[in-house]
file target_26.txt (compact mmCIF, N, CA and C atoms)
# COMPACT_ATOMS: atom_id res chain seq x y z
N MET A 1 0.86 -1.19 0.00
CA MET A 1 0.00 0.00 0.00
C MET A 1 0.90 1.24 0.00
N PRO A 2 0.59 2.17 -0.88
CA PRO A 2 1.42 3.37 -0.94
C PRO A 2 1.28 4.24 0.30
N ILE A 3 2.35 4.95 0.60
CA ILE A 3 2.36 5.83 1.76
C ILE A 3 2.18 7.28 1.34
N ILE A 4 2.81 7.65 0.24
CA ILE A 4 2.78 9.03 -0.25
C ILE A 4 1.38 9.36 -0.77
N LYS A 5 0.94 10.57 -0.52
CA LYS A 5 -0.41 11.01 -0.86
C LYS A 5 -0.67 10.92 -2.37
N SER A 6 0.29 11.37 -3.17
CA SER A 6 0.09 11.34 -4.62
C SER A 6 0.03 9.90 -5.14
N ALA A 7 0.77 8.99 -4.52
CA ALA A 7 0.75 7.58 -4.93
C ALA A 7 -0.61 6.96 -4.59
N LYS A 8 -1.18 7.36 -3.45
CA LYS A 8 -2.51 6.87 -3.08
C LYS A 8 -3.55 7.31 -4.11
N LYS A 9 -3.41 8.57 -4.53
CA LYS A 9 -4.35 9.10 -5.52
C LYS A 9 -4.19 8.36 -6.84
N ARG A 10 -2.96 8.06 -7.24
CA ARG A 10 -2.73 7.35 -8.49
C ARG A 10 -3.39 5.97 -8.47
N VAL A 11 -3.37 5.32 -7.31
CA VAL A 11 -4.00 4.01 -7.17
C VAL A 11 -5.51 4.14 -7.42
N LYS A 12 -6.12 5.16 -6.82
CA LYS A 12 -7.56 5.38 -7.01
C LYS A 12 -7.89 5.66 -8.47
N VAL A 13 -7.09 6.54 -9.08
CA VAL A 13 -7.33 6.92 -10.48
C VAL A 13 -7.15 5.71 -11.39
N ALA A 14 -6.12 4.91 -11.12
CA ALA A 14 -5.86 3.73 -11.94
C ALA A 14 -7.00 2.72 -11.82
N ASN A 15 -7.55 2.58 -10.62
CA ASN A 15 -8.68 1.66 -10.43
C ASN A 15 -9.91 2.13 -11.20
N LYS A 16 -10.18 3.43 -11.15
CA LYS A 16 -11.32 3.97 -11.90
C LYS A 16 -11.14 3.75 -13.40
N ALA A 17 -9.93 3.99 -13.89
CA ALA A 17 -9.66 3.81 -15.32
C ALA A 17 -9.79 2.35 -15.71
N ALA A 18 -9.34 1.45 -14.86
CA ALA A 18 -9.43 0.02 -15.16
C ALA A 18 -10.90 -0.41 -15.27
N ILE A 19 -11.73 0.10 -14.38
CA ILE A 19 -13.16 -0.22 -14.42
C ILE A 19 -13.79 0.32 -15.70
N ARG A 20 -13.46 1.58 -16.01
CA ARG A 20 -14.00 2.20 -17.22
C ARG A 20 -13.57 1.43 -18.47
N ASN A 21 -12.29 1.05 -18.52
CA ASN A 21 -11.78 0.32 -19.68
C ASN A 21 -12.42 -1.05 -19.80
N SER A 22 -12.63 -1.72 -18.68
CA SER A 22 -13.24 -3.05 -18.74
C SER A 22 -14.69 -2.97 -19.21
N LYS A 23 -15.41 -1.90 -18.84
CA LYS A 23 -16.78 -1.71 -19.33
C LYS A 23 -16.78 -1.50 -20.83
N THR A 24 -15.84 -0.71 -21.32
CA THR A 24 -15.75 -0.45 -22.76
C THR A 24 -15.44 -1.74 -23.51
N LYS A 25 -14.50 -2.52 -22.99
CA LYS A 25 -14.14 -3.79 -23.63
C LYS A 25 -15.31 -4.76 -23.63
N ARG A 26 -16.04 -4.81 -22.50
CA ARG A 26 -17.17 -5.73 -22.40
C ARG A 26 -18.25 -5.36 -23.41
N SER A 27 -18.58 -4.08 -23.53
CA SER A 27 -19.62 -3.68 -24.48
C SER A 27 -19.18 -3.94 -25.92
N LEU A 28 -17.88 -3.79 -26.19
CA LEU A 28 -17.35 -4.08 -27.52
C LEU A 28 -17.47 -5.57 -27.82
N LYS A 29 -17.09 -6.40 -26.86
CA LYS A 29 -17.17 -7.85 -27.07
C LYS A 29 -18.61 -8.30 -27.30
N SER A 30 -19.55 -7.75 -26.52
CA SER A 30 -20.95 -8.14 -26.69
C SER A 30 -21.48 -7.68 -28.04
N ALA A 31 -21.04 -6.51 -28.51
CA ALA A 31 -21.48 -6.02 -29.82
C ALA A 31 -20.94 -6.92 -30.93
N ILE A 32 -19.69 -7.37 -30.78
CA ILE A 32 -19.09 -8.25 -31.79
C ILE A 32 -19.81 -9.59 -31.82
N LYS A 33 -20.16 -10.12 -30.64
CA LYS A 33 -20.89 -11.39 -30.59
C LYS A 33 -22.27 -11.25 -31.23
N ALA A 34 -22.96 -10.15 -30.95
CA ALA A 34 -24.28 -9.92 -31.54
C ALA A 34 -24.17 -9.78 -33.05
N PHE A 35 -23.09 -9.17 -33.51
CA PHE A 35 -22.85 -9.02 -34.94
C PHE A 35 -22.64 -10.38 -35.59
N GLY A 36 -21.89 -11.24 -34.93
CA GLY A 36 -21.66 -12.59 -35.45
C GLY A 36 -22.96 -13.38 -35.57
N LYS A 37 -23.82 -13.24 -34.55
CA LYS A 37 -25.12 -13.93 -34.60
C LYS A 37 -26.01 -13.34 -35.70
N ALA A 38 -25.94 -12.02 -35.88
CA ALA A 38 -26.78 -11.37 -36.89
C ALA A 38 -26.36 -11.78 -38.29
N LEU A 39 -25.07 -12.09 -38.48
CA LEU A 39 -24.61 -12.52 -39.80
C LEU A 39 -25.15 -13.91 -40.15
N THR A 40 -25.36 -14.75 -39.14
CA THR A 40 -25.85 -16.10 -39.42
C THR A 40 -27.33 -16.09 -39.79
N THR A 41 -28.06 -15.06 -39.37
CA THR A 41 -29.47 -14.98 -39.74
C THR A 41 -29.60 -14.40 -41.14
N THR A 42 -30.78 -14.50 -41.70
CA THR A 42 -31.00 -13.97 -43.04
C THR A 42 -31.56 -12.55 -43.01
N ASP A 43 -31.79 -12.02 -41.82
CA ASP A 43 -32.35 -10.67 -41.69
C ASP A 43 -31.27 -9.62 -41.93
N LYS A 44 -31.39 -8.90 -43.03
CA LYS A 44 -30.38 -7.89 -43.38
C LYS A 44 -30.43 -6.69 -42.44
N LYS A 45 -31.63 -6.31 -42.02
CA LYS A 45 -31.76 -5.14 -41.15
C LYS A 45 -31.03 -5.34 -39.82
N LYS A 46 -31.16 -6.55 -39.28
CA LYS A 46 -30.46 -6.84 -38.02
C LYS A 46 -28.96 -6.77 -38.22
N ALA A 47 -28.50 -7.32 -39.34
CA ALA A 47 -27.07 -7.34 -39.62
C ALA A 47 -26.52 -5.93 -39.79
N VAL A 48 -27.28 -5.07 -40.46
CA VAL A 48 -26.84 -3.68 -40.67
C VAL A 48 -26.78 -2.95 -39.33
N LYS A 49 -27.81 -3.14 -38.48
CA LYS A 49 -27.81 -2.50 -37.17
C LYS A 49 -26.65 -3.00 -36.32
N ALA A 50 -26.40 -4.30 -36.40
CA ALA A 50 -25.30 -4.88 -35.63
C ALA A 50 -23.95 -4.34 -36.12
N LEU A 51 -23.82 -4.18 -37.44
CA LEU A 51 -22.59 -3.62 -38.00
C LEU A 51 -22.39 -2.18 -37.52
N ASP A 52 -23.46 -1.40 -37.53
CA ASP A 52 -23.38 -0.02 -37.03
C ASP A 52 -22.95 0.00 -35.56
N LYS A 53 -23.53 -0.89 -34.77
CA LYS A 53 -23.22 -0.96 -33.34
C LYS A 53 -21.76 -1.33 -33.12
N VAL A 54 -21.26 -2.31 -33.88
CA VAL A 54 -19.86 -2.74 -33.74
C VAL A 54 -18.93 -1.59 -34.10
N GLN A 55 -19.22 -0.91 -35.20
CA GLN A 55 -18.35 0.19 -35.62
C GLN A 55 -18.39 1.34 -34.62
N SER A 56 -19.55 1.59 -34.04
CA SER A 56 -19.68 2.64 -33.02
C SER A 56 -18.86 2.28 -31.78
N GLU A 57 -18.98 1.03 -31.33
CA GLU A 57 -18.24 0.60 -30.14
C GLU A 57 -16.74 0.63 -30.39
N LEU A 58 -16.33 0.25 -31.60
CA LEU A 58 -14.91 0.30 -31.94
C LEU A 58 -14.40 1.74 -31.91
N ASP A 59 -15.20 2.67 -32.44
CA ASP A 59 -14.81 4.08 -32.43
C ASP A 59 -14.67 4.59 -30.99
N LYS A 60 -15.61 4.21 -30.14
CA LYS A 60 -15.55 4.63 -28.73
C LYS A 60 -14.30 4.09 -28.05
N ALA A 61 -14.00 2.82 -28.31
CA ALA A 61 -12.81 2.21 -27.70
C ALA A 61 -11.54 2.89 -28.19
N GLY A 62 -11.52 3.26 -29.45
CA GLY A 62 -10.35 3.96 -29.99
C GLY A 62 -10.22 5.35 -29.42
N LYS A 63 -11.35 6.03 -29.25
CA LYS A 63 -11.33 7.39 -28.73
C LYS A 63 -10.87 7.42 -27.27
N LYS A 64 -11.28 6.40 -26.51
CA LYS A 64 -10.92 6.35 -25.09
C LYS A 64 -9.52 5.80 -24.87
N GLY A 65 -8.88 5.31 -25.94
CA GLY A 65 -7.53 4.80 -25.81
C GLY A 65 -7.46 3.36 -25.35
N VAL A 66 -8.59 2.65 -25.37
CA VAL A 66 -8.59 1.24 -24.99
C VAL A 66 -7.95 0.41 -26.10
N LEU A 67 -8.23 0.77 -27.35
CA LEU A 67 -7.63 0.11 -28.51
C LEU A 67 -6.85 1.14 -29.32
N HIS A 68 -5.82 0.67 -30.00
CA HIS A 68 -5.03 1.55 -30.87
C HIS A 68 -5.85 1.90 -32.10
N LYS A 69 -5.65 3.09 -32.64
CA LYS A 69 -6.46 3.56 -33.76
C LYS A 69 -6.32 2.67 -34.99
N ASN A 70 -5.12 2.11 -35.21
CA ASN A 70 -4.94 1.23 -36.37
C ASN A 70 -5.68 -0.08 -36.18
N LYS A 71 -5.72 -0.57 -34.96
CA LYS A 71 -6.46 -1.81 -34.68
C LYS A 71 -7.95 -1.56 -34.87
N VAL A 72 -8.41 -0.40 -34.46
CA VAL A 72 -9.82 -0.04 -34.63
C VAL A 72 -10.17 -0.03 -36.11
N ALA A 73 -9.32 0.60 -36.91
CA ALA A 73 -9.56 0.67 -38.36
C ALA A 73 -9.57 -0.73 -38.97
N ARG A 74 -8.64 -1.58 -38.53
CA ARG A 74 -8.56 -2.94 -39.06
C ARG A 74 -9.81 -3.74 -38.70
N LYS A 75 -10.26 -3.63 -37.45
CA LYS A 75 -11.44 -4.37 -37.01
C LYS A 75 -12.70 -3.90 -37.72
N LYS A 76 -12.82 -2.58 -37.94
CA LYS A 76 -13.98 -2.05 -38.67
C LYS A 76 -13.99 -2.58 -40.09
N SER A 77 -12.82 -2.62 -40.70
CA SER A 77 -12.71 -3.12 -42.07
C SER A 77 -13.09 -4.60 -42.13
N GLN A 78 -12.61 -5.37 -41.17
CA GLN A 78 -12.93 -6.80 -41.13
C GLN A 78 -14.42 -7.02 -40.95
N ALA A 79 -15.05 -6.22 -40.10
CA ALA A 79 -16.49 -6.36 -39.86
C ALA A 79 -17.28 -6.03 -41.12
N ALA A 80 -16.87 -4.96 -41.80
CA ALA A 80 -17.57 -4.58 -43.03
C ALA A 80 -17.40 -5.64 -44.10
N ARG A 81 -16.19 -6.20 -44.19
CA ARG A 81 -15.92 -7.24 -45.18
C ARG A 81 -16.75 -8.49 -44.88
N ALA A 82 -16.85 -8.84 -43.60
CA ALA A 82 -17.63 -10.01 -43.20
C ALA A 82 -19.11 -9.80 -43.51
N ALA A 83 -19.60 -8.59 -43.26
CA ALA A 83 -21.00 -8.28 -43.54
C ALA A 83 -21.29 -8.35 -45.02
N LYS A 84 -20.36 -7.86 -45.81
CA LYS A 84 -20.54 -7.87 -47.26
C LYS A 84 -20.50 -9.30 -47.80
N ALA A 85 -19.63 -10.11 -47.24
CA ALA A 85 -19.48 -11.49 -47.71
C ALA A 85 -20.73 -12.32 -47.40
N SER A 86 -21.35 -12.08 -46.26
CA SER A 86 -22.53 -12.87 -45.91
C SER A 86 -23.78 -12.12 -46.32
N ALA A 87 -24.46 -12.63 -47.28
CA ALA A 87 -25.76 -12.11 -47.73
C ALA A 87 -25.70 -10.71 -48.30
N GLY A 88 -24.55 -10.24 -48.69
CA GLY A 88 -24.45 -8.94 -49.36
C GLY A 88 -24.92 -7.78 -48.52
N VAL A 89 -24.71 -7.84 -47.24
CA VAL A 89 -25.13 -6.75 -46.35
C VAL A 89 -24.13 -5.61 -46.48
N THR A 90 -24.64 -4.42 -46.75
CA THR A 90 -23.78 -3.24 -46.78
C THR A 90 -24.43 -2.16 -45.95
N LYS A 91 -23.63 -1.23 -45.53
CA LYS A 91 -24.14 -0.14 -44.70
C LYS A 91 -25.00 0.81 -45.53
N THR A 92 -24.61 1.02 -46.77
CA THR A 92 -25.37 1.91 -47.65
C THR A 92 -26.19 1.07 -48.61
N ALA A 93 -27.03 1.71 -49.37
CA ALA A 93 -27.86 1.01 -50.34
C ALA A 93 -26.97 0.39 -51.42
N THR A 94 -27.42 -0.74 -51.96
CA THR A 94 -26.64 -1.40 -53.01
C THR A 94 -26.68 -0.55 -54.27
N PRO A 95 -25.55 -0.46 -55.00
CA PRO A 95 -25.53 0.37 -56.20
C PRO A 95 -26.38 -0.24 -57.30
N LYS A 96 -26.99 0.60 -58.10
CA LYS A 96 -27.83 0.14 -59.21
C LYS A 96 -26.96 -0.27 -60.38
N ALA A 97 -27.51 -1.11 -61.22
CA ALA A 97 -26.77 -1.55 -62.39
C ALA A 97 -26.56 -0.36 -63.32
N LYS A 98 -25.42 -0.37 -64.00
CA LYS A 98 -25.12 0.75 -64.89
C LYS A 98 -26.01 0.68 -66.12
N THR A 99 -26.47 1.81 -66.54
CA THR A 99 -27.28 1.88 -67.74
C THR A 99 -26.50 2.63 -68.80
N ALA A 100 -26.95 2.48 -70.04
CA ALA A 100 -26.26 3.17 -71.13
C ALA A 100 -26.42 4.67 -70.94
N PRO A 101 -25.38 5.43 -71.22
CA PRO A 101 -25.49 6.88 -71.05
C PRO A 101 -26.51 7.46 -72.02
N LYS A 102 -27.32 8.36 -71.52
CA LYS A 102 -28.35 9.00 -72.33
C LYS A 102 -27.75 10.19 -73.05
N ALA A 103 -28.32 10.46 -74.22
CA ALA A 103 -27.85 11.63 -74.98
C ALA A 103 -28.31 12.88 -74.24
N LYS A 104 -27.37 13.76 -73.99
CA LYS A 104 -27.69 14.99 -73.27
C LYS A 104 -28.19 16.04 -74.24
N ALA A 105 -29.21 16.74 -73.84
CA ALA A 105 -29.73 17.83 -74.65
C ALA A 105 -28.77 19.01 -74.52
N ALA A 106 -28.71 19.81 -75.57
CA ALA A 106 -27.83 20.97 -75.53
C ALA A 106 -28.36 21.94 -74.48
N VAL A 107 -27.58 22.16 -73.48
CA VAL A 107 -27.99 23.04 -72.40
C VAL A 107 -27.11 24.26 -72.43
N LYS A 108 -27.78 25.41 -72.36
CA LYS A 108 -27.04 26.66 -72.36
C LYS A 108 -26.38 26.83 -71.00
N PRO A 109 -25.07 27.14 -70.96
CA PRO A 109 -24.44 27.31 -69.65
C PRO A 109 -25.03 28.50 -68.91
N ALA A 110 -25.24 28.31 -67.64
CA ALA A 110 -25.82 29.37 -66.82
C ALA A 110 -24.82 30.51 -66.67
N VAL A 111 -25.36 31.72 -66.76
CA VAL A 111 -24.51 32.90 -66.62
C VAL A 111 -24.34 33.18 -65.13
N LYS A 112 -23.10 33.26 -64.71
CA LYS A 112 -22.84 33.53 -63.30
C LYS A 112 -22.90 35.03 -63.05
N LYS A 113 -23.57 35.37 -61.96
CA LYS A 113 -23.63 36.77 -61.58
C LYS A 113 -22.37 37.13 -60.83
N ALA A 114 -21.90 38.33 -61.08
CA ALA A 114 -20.71 38.79 -60.38
C ALA A 114 -21.07 39.03 -58.92
N ALA A 115 -20.24 38.56 -58.04
CA ALA A 115 -20.49 38.75 -56.62
C ALA A 115 -20.32 40.22 -56.27
N PRO A 116 -21.17 40.76 -55.41
CA PRO A 116 -21.03 42.16 -55.05
C PRO A 116 -19.69 42.38 -54.34
N ALA A 117 -19.10 43.51 -54.64
CA ALA A 117 -17.80 43.82 -54.04
C ALA A 117 -17.97 44.03 -52.55
N LYS A 118 -17.10 43.41 -51.79
CA LYS A 118 -17.18 43.54 -50.33
C LYS A 118 -16.37 44.74 -49.89
N LYS A 119 -16.89 45.41 -48.89
CA LYS A 119 -16.18 46.56 -48.35
C LYS A 119 -15.04 46.05 -47.49
N PRO A 120 -13.89 46.72 -47.53
CA PRO A 120 -12.79 46.28 -46.67
C PRO A 120 -13.14 46.50 -45.20
N VAL A 121 -12.72 45.55 -44.40
CA VAL A 121 -13.01 45.62 -42.98
C VAL A 121 -12.04 46.60 -42.33
N ALA A 122 -12.58 47.48 -41.53
CA ALA A 122 -11.73 48.47 -40.86
C ALA A 122 -10.90 47.76 -39.80
N LYS A 123 -9.61 48.05 -39.80
CA LYS A 123 -8.73 47.42 -38.83
C LYS A 123 -8.77 48.18 -37.51
N LYS A 124 -8.61 47.43 -36.45
CA LYS A 124 -8.59 48.05 -35.13
C LYS A 124 -7.22 48.66 -34.89
N ALA A 125 -7.22 49.74 -34.15
CA ALA A 125 -5.96 50.38 -33.82
C ALA A 125 -5.22 49.49 -32.83
N PRO A 126 -3.89 49.41 -32.95
CA PRO A 126 -3.15 48.56 -32.01
C PRO A 126 -3.28 49.09 -30.59
N ALA A 127 -3.27 48.18 -29.66
CA ALA A 127 -3.40 48.56 -28.25
C ALA A 127 -2.17 49.33 -27.81
N LYS A 128 -2.40 50.36 -26.99
CA LYS A 128 -1.28 51.17 -26.52
C LYS A 128 -0.56 50.43 -25.40
N LYS A 129 0.73 50.54 -25.43
CA LYS A 129 1.52 49.90 -24.39
C LYS A 129 1.56 50.83 -23.18
N ALA A 130 1.62 50.23 -22.02
CA ALA A 130 1.69 51.02 -20.79
C ALA A 130 3.06 51.69 -20.72
N ALA A 131 3.06 52.90 -20.20
CA ALA A 131 4.32 53.63 -20.07
C ALA A 131 5.21 52.91 -19.07
N PRO A 132 6.51 52.84 -19.35
CA PRO A 132 7.39 52.13 -18.43
C PRO A 132 7.41 52.83 -17.07
N ALA A 133 7.51 52.03 -16.03
CA ALA A 133 7.51 52.57 -14.67
C ALA A 133 8.80 53.40 -14.46
N LYS A 134 8.63 54.49 -13.75
CA LYS A 134 9.80 55.35 -13.51
C LYS A 134 10.69 54.71 -12.47
N LYS A 135 11.96 54.80 -12.72
CA LYS A 135 12.93 54.25 -11.78
C LYS A 135 13.13 55.23 -10.64
N THR A 136 13.31 54.69 -9.49
CA THR A 136 13.54 55.57 -8.33
C THR A 136 14.97 56.09 -8.38
N ALA A 137 15.15 57.19 -7.75
CA ALA A 137 16.49 57.82 -7.73
C ALA A 137 17.47 56.91 -7.05
N ALA A 138 18.73 57.10 -7.32
CA ALA A 138 19.77 56.27 -6.74
C ALA A 138 19.73 56.43 -5.22
N LYS A 139 20.37 55.54 -4.54
CA LYS A 139 20.34 55.56 -3.08
C LYS A 139 20.81 56.90 -2.55
N LYS A 140 20.09 57.38 -1.58
CA LYS A 140 20.50 58.65 -0.96
C LYS A 140 21.51 58.37 0.11
N LYS A 141 22.46 59.26 0.18
CA LYS A 141 23.49 59.11 1.20
C LYS A 141 23.22 59.94 2.39
call {"tool": "encode", "arguments": {"input": "target_26.txt", "output": "structure tokens"}}
result
Amino acid sequence: MPIIKSAKKRVKVANKAAIRNSKTKRSLKSAIKAFGKALTTTDKKKAVKALDKVQSELDKAGKKGVLHKNKVARKKSQAARAAKASAGVTKTATPKAKTAPKAKAAVKPAVKKAAPAKKPVAKKAPAKKAAPAKKTAAKKK
């Protein structure tokens, strides 16, 4: 047990941080497990919500310093790849098939209006410096 006051405080702070970090890790693990279960089901909405939850928890863990930012990025990428591989789940809407380009009608280019000239902003006068303090006369004899 520490004797010095600052060391006692560090023990308290470290315990609080350990509890906070373990809560963050636990919520991240539960989100990842729920995401894994959602991938096995055929419900795309559940999988998308689970993917959002996993990515949110990963971001929180990275922000709090529980996980390194590169590990967070890697895990988010892996989750998105896994979601895409199973049942084509994506976070955004699936892209539409490309169609043949349509012939564009001749459109007259819009005439841009000249922006109104802005008035120059008046500059503030520099602040005056305080006059230097007067020195006292030399020692009197």
call {"tool": "atom_distance", "arguments": {"input": "target_26.txt", "atom1": "atom CA of A:Pro2", "atom2": "atom CA of A:Asn15"}}
result
14.0 Å
call {"tool": "closest_residue", "arguments": {"input": "target_26.txt", "among": "A:Ala85, A:Thr24, A:Gln78, A:Lys16", "to": "A:Lys60", "atoms": "only N, CA and C atoms"}}
result
A:Thr24
call {"tool": "select_by_dssp", "arguments": {"input": "target_26.txt", "residues": "stretch 38-92 of chain A", "states": "alpha helix (DSSP H)", "output": "PyMOL selection string"}}
result
chain A and resi 38-40+44-64+69-85
call {"tool": "atom_distance", "arguments": {"input": "target_26.txt", "atom1": "atom CA of A:Gly62", "atom2": "atom C of A:Lys23"}}
result
12.5 Å
call {"tool": "atom_distance", "arguments": {"input": "target_26.txt", "atom1": "atom CA of A:Asp59", "atom2": "atom CA of A:Lys45"}}
result
21.2 Å
call {"tool": "closest_residue", "arguments": {"input": "target_26.txt", "among": "A:Ile32, A:Leu51, A:Ala117, A:Leu58", "to": "A:Lys71", "atoms": "all atoms listed in the file"}}
result
A:Leu58
call {"tool": "residues_around", "arguments": {"input": "target_26.txt", "residues": "A:Thr40", "least_positions_apart": "2", "cutoff": "12 Å", "atoms": "only C-alpha atoms", "output": "count of residues only"}}
result
18
call {"tool": "closest_residue", "arguments": {"input": "target_26.txt", "among": "A:Ala122, A:Ala80, A:Ala31, A:Val11", "to": "A:Glu57", "atoms": "all atoms listed in the file"}}
result
A:Ala31
call {"tool": "build_atoms", "arguments": {"input": "target_26.txt", "residues": "stretch 52-60 of chain A", "atoms": "all heavy atoms", "output": "mmCIF file, in the frame of the given file"}}
result
data_model
loop_
_atom_site.group_PDB
_atom_site.id
_atom_site.type_symbol
_atom_site.label_atom_id
_atom_site.label_comp_id
_atom_site.auth_asym_id
_atom_site.auth_seq_id
_atom_site.Cartn_x
_atom_site.Cartn_y
_atom_site.Cartn_z
ATOM 1 N N ASP A 52 -23.460 -1.400 -37.530
ATOM 2 C CA ASP A 52 -23.380 -0.020 -37.030
ATOM 3 C C ASP A 52 -22.950 0.000 -35.560
ATOM 4 O O ASP A 52 -22.123 0.814 -35.157
ATOM 5 C CB ASP A 52 -24.736 0.688 -37.172
ATOM 6 C CG ASP A 52 -25.061 1.039 -38.612
ATOM 7 O OD1 ASP A 52 -24.137 1.041 -39.442
ATOM 8 O OD2 ASP A 52 -26.243 1.319 -38.894
ATOM 9 N N LYS A 53 -23.530 -0.890 -34.770
ATOM 10 C CA LYS A 53 -23.220 -0.960 -33.340
ATOM 11 C C LYS A 53 -21.760 -1.330 -33.120
ATOM 12 O O LYS A 53 -21.070 -0.716 -32.292
ATOM 13 C CB LYS A 53 -24.150 -1.981 -32.661
ATOM 14 C CG LYS A 53 -23.935 -2.147 -31.194
ATOM 15 C CD LYS A 53 -24.435 -0.975 -30.410
ATOM 16 C CE LYS A 53 -24.320 -1.254 -28.920
ATOM 17 N NZ LYS A 53 -24.535 -0.077 -28.122
ATOM 18 N N VAL A 54 -21.260 -2.310 -33.880
ATOM 19 C CA VAL A 54 -19.860 -2.740 -33.740
ATOM 20 C C VAL A 54 -18.930 -1.590 -34.100
ATOM 21 O O VAL A 54 -17.970 -1.295 -33.369
ATOM 22 C CB VAL A 54 -19.566 -3.965 -34.628
ATOM 23 C CG1 VAL A 54 -18.073 -4.197 -34.772
ATOM 24 C CG2 VAL A 54 -20.220 -5.196 -34.048
ATOM 25 N N GLN A 55 -19.220 -0.910 -35.200
ATOM 26 C CA GLN A 55 -18.350 0.190 -35.620
ATOM 27 C C GLN A 55 -18.390 1.340 -34.620
ATOM 28 O O GLN A 55 -17.372 1.963 -34.344
ATOM 29 C CB GLN A 55 -18.729 0.655 -37.025
ATOM 30 C CG GLN A 55 -18.360 -0.373 -38.077
ATOM 31 C CD GLN A 55 -18.696 0.048 -39.479
ATOM 32 O OE1 GLN A 55 -19.504 0.958 -39.701
ATOM 33 N NE2 GLN A 55 -18.098 -0.608 -40.451
ATOM 34 N N SER A 56 -19.550 1.590 -34.040
ATOM 35 C CA SER A 56 -19.680 2.640 -33.020
ATOM 36 C C SER A 56 -18.860 2.280 -31.780
ATOM 37 O O SER A 56 -18.133 3.121 -31.248
ATOM 38 C CB SER A 56 -21.149 2.819 -32.661
ATOM 39 O OG SER A 56 -21.282 3.695 -31.581
ATOM 40 N N GLU A 57 -18.980 1.030 -31.330
ATOM 41 C CA GLU A 57 -18.240 0.600 -30.140
ATOM 42 C C GLU A 57 -16.740 0.630 -30.390
ATOM 43 O O GLU A 57 -15.957 0.986 -29.513
ATOM 44 C CB GLU A 57 -18.678 -0.799 -29.703
ATOM 45 C CG GLU A 57 -20.084 -0.865 -29.130
ATOM 46 C CD GLU A 57 -20.245 -0.091 -27.838
ATOM 47 O OE1 GLU A 57 -19.280 0.037 -27.069
ATOM 48 O OE2 GLU A 57 -21.358 0.394 -27.587
ATOM 49 N N LEU A 58 -16.330 0.250 -31.600
ATOM 50 C CA LEU A 58 -14.910 0.300 -31.940
ATOM 51 C C LEU A 58 -14.400 1.740 -31.910
ATOM 52 O O LEU A 58 -13.307 2.020 -31.402
ATOM 53 C CB LEU A 58 -14.659 -0.318 -33.314
ATOM 54 C CG LEU A 58 -14.656 -1.850 -33.360
ATOM 55 C CD1 LEU A 58 -14.729 -2.338 -34.791
ATOM 56 C CD2 LEU A 58 -13.425 -2.394 -32.674
ATOM 57 N N ASP A 59 -15.200 2.670 -32.440
ATOM 58 C CA ASP A 59 -14.810 4.080 -32.430
ATOM 59 C C ASP A 59 -14.670 4.590 -30.990
ATOM 60 O O ASP A 59 -13.736 5.337 -30.672
ATOM 61 C CB ASP A 59 -15.819 4.934 -33.193
ATOM 62 C CG ASP A 59 -15.696 4.761 -34.695
ATOM 63 O OD1 ASP A 59 -14.591 4.411 -35.162
ATOM 64 O OD2 ASP A 59 -16.692 4.975 -35.404
ATOM 65 N N LYS A 60 -15.610 4.210 -30.140
ATOM 66 C CA LYS A 60 -15.550 4.630 -28.730
ATOM 67 C C LYS A 60 -14.300 4.090 -28.050
ATOM 68 O O LYS A 60 -13.623 4.820 -27.318
ATOM 69 C CB LYS A 60 -16.794 4.146 -27.969
ATOM 70 C CG LYS A 60 -18.060 4.903 -28.297
ATOM 71 C CD LYS A 60 -19.230 4.333 -27.538
ATOM 72 C CE LYS A 60 -20.536 4.947 -27.994
ATOM 73 N NZ LYS A 60 -21.691 4.319 -27.328
#
